[in-house]
Structure formats: C-alpha cells, structure tokens
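Undergrad: Supplied in structure tokens, the structure appears directly below.
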Amino acid sequence: MKEYVAYIVIGIACIIILKWVVNTMQWLWFEPKRLEKCLRKQGLQGNSYKFLFGDMKESSMLRNQALSKPMTMPFNHDYFPRINPFVHQLLNKYGTNCFMWMGPVPTVHIGEPELVREAFNRMHEFQKPKTNPLSALLATGLVSYEGDKWAKHRRLINPAFHVEKLKLMIPAFRESIVGVVKQWEKKVPENGCVEIDVWPDLTSLTGDVISRAAFGSIYGDGRRIFELLSVQKELVLSLLKYSYIPGYSYLPTEGNKKMKEVNNEIQRLLENVIQNRKKAMEAGEAAKDDLLGLLMDSNYKESLLEGGGKNKQLIMSFQDLIDECKLFFLAGHETTAVLLVWTLIMLCKHQDWQTRAREEVLATFGMDEPTNYDGINRLKTVTMILNEVLRLYPPVITTNRKLFKGEAKIGNFVIPAGVGISLLTIQANRDPKVWGEDADEFRPDRFAEGLVKATKGNVAFFPFGWGPRICIGQNFALTESKMAVAMILQRFTFEFSPSYTHAPSGLITLNPQYGAPLIFRRR
C-alpha cells in the first residue's frame, strides 16, 4: 500500500514537472517562434529569435561599446547611433517597420505618423506593457493603469493640473529656482567667469520643485522621499539587465534586499504624510493647495458624488495615493531636469538664440522675477526653443505598448496578441518627410506658427506622449522650465567650458553622460 501511494505521489510530481517544462518551453520557445513566423509572413523583418534573451545581449554589448566614447566636438545632433546602436542598425538594415526581441517578446518598431496616431488613439487595444516587479517597486500609479481604473484616476488627478491650480504652484517654482540662481551668483565673480556643472544643480532644482509642489509647507519630507526614490531608481537601473530571468526579483540578492529596504522607508514616510493630511481633513481643515492636498480633496469629492452624496469608500485607496505620489516625484523630476539641461547646452551652441531669448525675457519682465503666469505664456521665443529642444533631445526617446488579447490591424499589419510595439520618439521627431531635410538641425523658428503647422498635422512630435494618455503634467513641466530659463537668462550669459563633452546617454531618460560644465558670466 505504501509503495502504491509513493508511486502515485511520484507520478503526480512527474506530471507537474512535465507540465511546468511544457509551459516554460511554450513561453520561451514555441510561442516566440510562432509570433516570428506570423510577423515575417507580413513582410516585417528582424533577427531570428535567440532562446530566452532574444536581442538583449547584442543590444547591451553594442550600447556599452558606443557609450565608451563621446561624440566628437564640435558635435552634431545625430546621437541615435550612440544611445541605441542596435535599433539604429536594425532600422538601417530592415527599414522603418521592423521588429526586435526584448527577451522572448517580439517588439515591432513603428515610425510612420499615421501608424503612430493609430497606436496612441487605440489605447484599449495597445496598452502599456506590464510593469516588471522591479519597476513596480519604483512606481506604478496612473501611468501603468488601464481601463476603468485609469479613467477614474485620470479624472481625479486632472483638477490638480488645471491652469488655475497650476498658478498656485508658481510660488513653489519661484522658491526653488531662486535658490539655484542665488547659489550660482555666489560662485560667479563680479567681473569674471566660472565653470559650473549645471546638471547636478538642475536635478536638485527640479527635485526641490516637486517636493514643494507636492507637499507645500512640509516639503522637507518630500526632499527625503525624493532622495530615497533617486536611490531606488539607480538600483532599478543596475538590476534591469536581470529582469528577463524568470523570478530574479524574488531572489535574496543584495540588490533586491536593498530595493525592498528603501521601498519600505518610502512607504512609511508617505503613509505618515497622507495619514496626517487625512486626519486634518476629517477634523474640518481645508485641503492644502499643494498637489497632495488637491488630489485628496478631489478623491473625497468625487467619491461622494459617485456615491450619491452618501458616505462611500474612496475611489483612490490609501495605497493608490502613495503610488500616485511616487509617480509624480519620478515623472516630474528627471524629465524636466533633462529638458532644462539640454536647453542650456543648446543655448551655448547657438549663441544667437540665447541672445534672442534673453531680449524677449527682458522686454517682457525686465529684471522682475517672471512669476506672472500670463507673462510666462507670452514668451514665444523661449517656447519655440523648448519645443525644438524637446524635438531633438526628448527626455524619453521611445514609448512602448503591447497587445495582450486577440489581434489588431494597424496600417497594413496585423499585430497578434503577445507582440509589443515601440513608438520611437527620436525617429519621428526627425522624420525628413515631416520636418524637411534640415531635420537634424537646431531651428526653433520651425515652431513659430505653433505645433500643428510645424508638424503639418502629423503625429511626429510627442515628447509628452499623445492621444488620450498624453502626459497630465505637461503644462506643469513647461511652466517650470520657462520660469527657470527666463531667470537664468536675466542674470547670466553662458557658453561651453573647454571640459564639456557631448555624450547623450540613458536607459530611461536622455542624460548628459559626463555632466554639463558651462562657463557663466554675470550680466
């Protein structure tokens, strides 16, 4: 009898192991090969699938080689072969619409404006890829939600970014920008010049803005959260190369343990802040005018409205609020710092545009601080420059989507479930058919008559995304950037330091690899 039971147990174990092996092989081999065959039938080209890693090993190797050397000076703006040499080679070899392997997942690169428009507009079919466990620790929130949850969160967050609410944030922008400008003024001698690496100062500036705008008078808590999120982001980047190994994020490695420790501290800090706000609001205090206060107020009012005025469970849970706070810190911080640093670099390279922008700022504000929202929006030349910087140096160079169910026709291609699509901002923003033969040149006046005229109505400029999921913080980032550029231009002239090295890089955002040392003089 005991032997009979043992045989049954062994048999069941063998069946379980066999099923696991079959499922694993289906995921890592048979399904990728089926999808590859489907894509090739439609004329899409790419490398043959390599077990488990796909194109990731070759891509990583080429990128490391490219990043080991800076671009030659004087530089041009064609840095695509440097930051993503594998995709650049792929496009040259197979054409605009081709595919690559992100591990066992084929990803189709889409470049034509009409196909890009379709992909952005059909958000219920082409959805955000699932966040891997590593990135999920860093941030989820609105950017990763789909369907009804996305719609509800978007509706709740929208009021915090309306123009009238944005005007309330201007004092927070001012405090942070003035702090950096005064710091630079102390360094620059009255009748001399000094080298300043602006990159760390600009990242600190935008982190400070986010902390003040999110938490108002208790922004010191925000600074600590921001510092911890920066540590967490670096940990994620260092561990991403292992993310295609099944179950890696659950292994007790030093990196994974450090990630969880940092995440627990962030969670604790945010819980304390939100809990204190909740108690104050329950005690009858008015909601604060910072982003957290506006979000909590919107959450409470919308929940009552949805419940017909009766006491009802809040639409956004406690954890939802925490996730949205983390996302706001990450999404609003580095992308704006990236925009500012490349703007200052471009104004060093193109001194004529620096002079034109300064003349406009002085004509609009004189030496008064640019804190009037309407005046900020009248800075046409500064806006043109920012748009051209976003075109040539978009903070995020690619946007990814994935089809999870059924199949979807996009243009002449039928995309089967399980296939990702990549919308290359860096490619669309330089398409000669849209932008002309000078697409690789810095020419802000191409935006003189607005975005629609500049793009000829095409979806060929989407540094903040496009369609229903366009970045909700776009106006926040642009207003902050205009104020910062205006205040810097009022007080300084600047040019390249001899030690400046042009080296765009970055896995997530487009950073200057060796910083941005510039020579500053007082005006």
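Ligands are numbered from 1 in the order shown, residues from 1 within each chain, and chains are lettered A, B, ... in the order they appear in the structure tokens.
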Which residues are close to stretch 458-460 of chain A, i.e. within 10 Å by only C-alpha atoms, leaving aside same-chain residues fewer than 2 positions away? Reply as a PyMOL selection string.

TA: chain A and resi 111-118+120+391+424-431+434-435+451-456+462-463+465-467

Undergrad: Those residues with N, CA and C atoms, as a PDB file, in the first residue's frame please?

TA:
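The new file part.pdb reads:
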ATOM      1  N   GLY A 111       7.225  53.755 -37.204  1.00  0.00           N
ATOM      2  CA  GLY A 111       7.710  55.116 -37.413  1.00  0.00           C
ATOM      3  C   GLY A 111       6.777  56.032 -38.169  1.00  0.00           C
ATOM      4  N   GLU A 112       5.915  55.493 -39.060  1.00  0.00           N
ATOM      5  CA  GLU A 112       5.048  56.361 -39.863  1.00  0.00           C
ATOM      6  C   GLU A 112       4.051  57.103 -38.977  1.00  0.00           C
ATOM      7  N   PRO A 113       3.894  58.418 -39.198  1.00  0.00           N
ATOM      8  CA  PRO A 113       2.997  59.227 -38.354  1.00  0.00           C
ATOM      9  C   PRO A 113       1.579  58.684 -38.238  1.00  0.00           C
ATOM     10  N   GLU A 114       1.022  58.152 -39.331  1.00  0.00           N
ATOM     11  CA  GLU A 114      -0.360  57.657 -39.271  1.00  0.00           C
ATOM     12  C   GLU A 114      -0.479  56.421 -38.387  1.00  0.00           C
ATOM     13  N   LEU A 115       0.541  55.564 -38.431  1.00  0.00           N
ATOM     14  CA  LEU A 115       0.518  54.373 -37.588  1.00  0.00           C
ATOM     15  C   LEU A 115       0.732  54.750 -36.127  1.00  0.00           C
ATOM     16  N   VAL A 116       1.590  55.744 -35.904  1.00  0.00           N
ATOM     17  CA  VAL A 116       1.799  56.246 -34.541  1.00  0.00           C
ATOM     18  C   VAL A 116       0.497  56.804 -33.985  1.00  0.00           C
ATOM     19  N   ARG A 117      -0.231  57.562 -34.810  1.00  0.00           N
ATOM     20  CA  ARG A 117      -1.524  58.121 -34.386  1.00  0.00           C
ATOM     21  C   ARG A 117      -2.487  57.006 -33.978  1.00  0.00           C
ATOM     22  N   GLU A 118      -2.562  55.971 -34.815  1.00  0.00           N
ATOM     23  CA  GLU A 118      -3.455  54.840 -34.522  1.00  0.00           C
ATOM     24  C   GLU A 118      -3.091  54.186 -33.187  1.00  0.00           C
ATOM     25  N   PHE A 120      -1.486  55.366 -30.566  1.00  0.00           N
ATOM     26  CA  PHE A 120      -1.785  56.201 -29.408  1.00  0.00           C
ATOM     27  C   PHE A 120      -3.292  56.288 -29.156  1.00  0.00           C
ATOM     28  N   ARG A 391      12.187  68.326 -29.384  1.00  0.00           N
ATOM     29  CA  ARG A 391      12.205  67.581 -30.645  1.00  0.00           C
ATOM     30  C   ARG A 391      13.539  66.855 -30.827  1.00  0.00           C
ATOM     31  N   LEU A 424       9.060  55.181 -31.696  1.00  0.00           N
ATOM     32  CA  LEU A 424      10.357  55.828 -31.496  1.00  0.00           C
ATOM     33  C   LEU A 424      10.235  57.342 -31.614  1.00  0.00           C
ATOM     34  N   THR A 425      10.182  58.003 -30.473  1.00  0.00           N
ATOM     35  CA  THR A 425      10.115  59.462 -30.450  1.00  0.00           C
ATOM     36  C   THR A 425      11.295  60.048 -31.214  1.00  0.00           C
ATOM     37  N   ILE A 426      12.467  59.527 -30.971  1.00  0.00           N
ATOM     38  CA  ILE A 426      13.682  60.053 -31.578  1.00  0.00           C
ATOM     39  C   ILE A 426      13.655  59.939 -33.099  1.00  0.00           C
ATOM     40  N   GLN A 427      12.953  58.926 -33.627  1.00  0.00           N
ATOM     41  CA  GLN A 427      12.858  58.745 -35.074  1.00  0.00           C
ATOM     42  C   GLN A 427      11.786  59.664 -35.655  1.00  0.00           C
ATOM     43  N   ALA A 428      10.606  59.686 -35.034  1.00  0.00           N
ATOM     44  CA  ALA A 428       9.505  60.510 -35.542  1.00  0.00           C
ATOM     45  C   ALA A 428       9.839  61.996 -35.495  1.00  0.00           C
ATOM     46  N   ASN A 429      10.555  62.410 -34.452  1.00  0.00           N
ATOM     47  CA  ASN A 429      10.893  63.822 -34.279  1.00  0.00           C
ATOM     48  C   ASN A 429      11.891  64.338 -35.310  1.00  0.00           C
ATOM     49  N   ARG A 430      12.480  63.415 -36.101  1.00  0.00           N
ATOM     50  CA  ARG A 430      13.487  63.813 -37.101  1.00  0.00           C
ATOM     51  C   ARG A 430      13.136  63.299 -38.492  1.00  0.00           C
ATOM     52  N   ASP A 431      11.897  62.925 -38.695  1.00  0.00           N
ATOM     53  CA  ASP A 431      11.475  62.382 -39.989  1.00  0.00           C
ATOM     54  C   ASP A 431      11.587  63.476 -41.064  1.00  0.00           C
ATOM     55  N   VAL A 434       8.497  64.958 -42.724  1.00  0.00           N
ATOM     56  CA  VAL A 434       7.699  65.905 -41.937  1.00  0.00           C
ATOM     57  C   VAL A 434       8.470  67.193 -41.684  1.00  0.00           C
ATOM     58  N   TRP A 435       9.719  67.049 -41.261  1.00  0.00           N
ATOM     59  CA  TRP A 435      10.494  68.201 -40.785  1.00  0.00           C
ATOM     60  C   TRP A 435      11.393  68.822 -41.839  1.00  0.00           C
ATOM     61  N   LEU A 451       2.547  74.169 -33.049  1.00  0.00           N
ATOM     62  CA  LEU A 451       2.883  72.752 -33.239  1.00  0.00           C
ATOM     63  C   LEU A 451       2.220  72.147 -34.468  1.00  0.00           C
ATOM     64  N   VAL A 452       0.951  72.481 -34.702  1.00  0.00           N
ATOM     65  CA  VAL A 452       0.217  71.869 -35.816  1.00  0.00           C
ATOM     66  C   VAL A 452       0.867  72.248 -37.138  1.00  0.00           C
ATOM     67  N   LYS A 453       1.219  73.525 -37.284  1.00  0.00           N
ATOM     68  CA  LYS A 453       1.870  73.993 -38.512  1.00  0.00           C
ATOM     69  C   LYS A 453       3.242  73.346 -38.663  1.00  0.00           C
ATOM     70  N   ALA A 454       3.980  73.256 -37.556  1.00  0.00           N
ATOM     71  CA  ALA A 454       5.336  72.689 -37.612  1.00  0.00           C
ATOM     72  C   ALA A 454       5.323  71.219 -38.032  1.00  0.00           C
ATOM     73  N   THR A 455       4.333  70.473 -37.552  1.00  0.00           N
ATOM     74  CA  THR A 455       4.265  69.027 -37.845  1.00  0.00           C
ATOM     75  C   THR A 455       3.426  68.717 -39.083  1.00  0.00           C
ATOM     76  N   LYS A 456       2.864  69.783 -39.709  1.00  0.00           N
ATOM     77  CA  LYS A 456       1.985  69.605 -40.879  1.00  0.00           C
ATOM     78  C   LYS A 456       0.809  68.682 -40.550  1.00  0.00           C
ATOM     79  N   PHE A 462       6.008  64.020 -30.129  1.00  0.00           N
ATOM     80  CA  PHE A 462       5.267  63.546 -28.953  1.00  0.00           C
ATOM     81  C   PHE A 462       6.202  63.304 -27.767  1.00  0.00           C
ATOM     82  N   PRO A 463       6.953  64.353 -27.353  1.00  0.00           N
ATOM     83  CA  PRO A 463       7.832  64.195 -26.192  1.00  0.00           C
ATOM     84  C   PRO A 463       7.071  63.917 -24.904  1.00  0.00           C
ATOM     85  N   GLY A 465       4.162  62.143 -25.008  1.00  0.00           N
ATOM     86  CA  GLY A 465       3.138  61.192 -25.443  1.00  0.00           C
ATOM     87  C   GLY A 465       2.124  61.893 -26.329  1.00  0.00           C
ATOM     88  N   TRP A 466       1.021  61.206 -26.596  1.00  0.00           N
ATOM     89  CA  TRP A 466       0.000  61.762 -27.489  1.00  0.00           C
ATOM     90  C   TRP A 466      -1.310  61.037 -27.233  1.00  0.00           C
ATOM     91  N   GLY A 467      -2.407  61.627 -27.693  1.00  0.00           N
ATOM     92  CA  GLY A 467      -3.707  60.976 -27.572  1.00  0.00           C
ATOM     93  C   GLY A 467      -4.263  61.038 -26.166  1.00  0.00           C
TER      94      GLY A 467
END

Undergrad: Please run DSSP on the backbone and report, as a count of residues only, all residues within stretch 181-228 of chain A that come out as alpha helix (DSSP H).

TA: 35

Undergrad: Could you give me, as a ChimeraX atom specification, each residue of stretch 44-180 of chain A that DSSP assigns to strand (DSSP E or B) when run on this structure's backbone?

TA: /A:45,54,98-102,105-110,126-127

Undergrad: One decimal, Å: what's the distance from atom CA of A:Lys93 over to atom CA of A:Val108, could you say?

TA: 14.3 Å

Undergrad: To one decimal place in Å, what is the distance between atom CA of A:Ala160 and atom CA of A:Leu294?

TA: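 Separation of atom CA of A:Ala160 and atom CA of A:Leu294: 5.6 Å.
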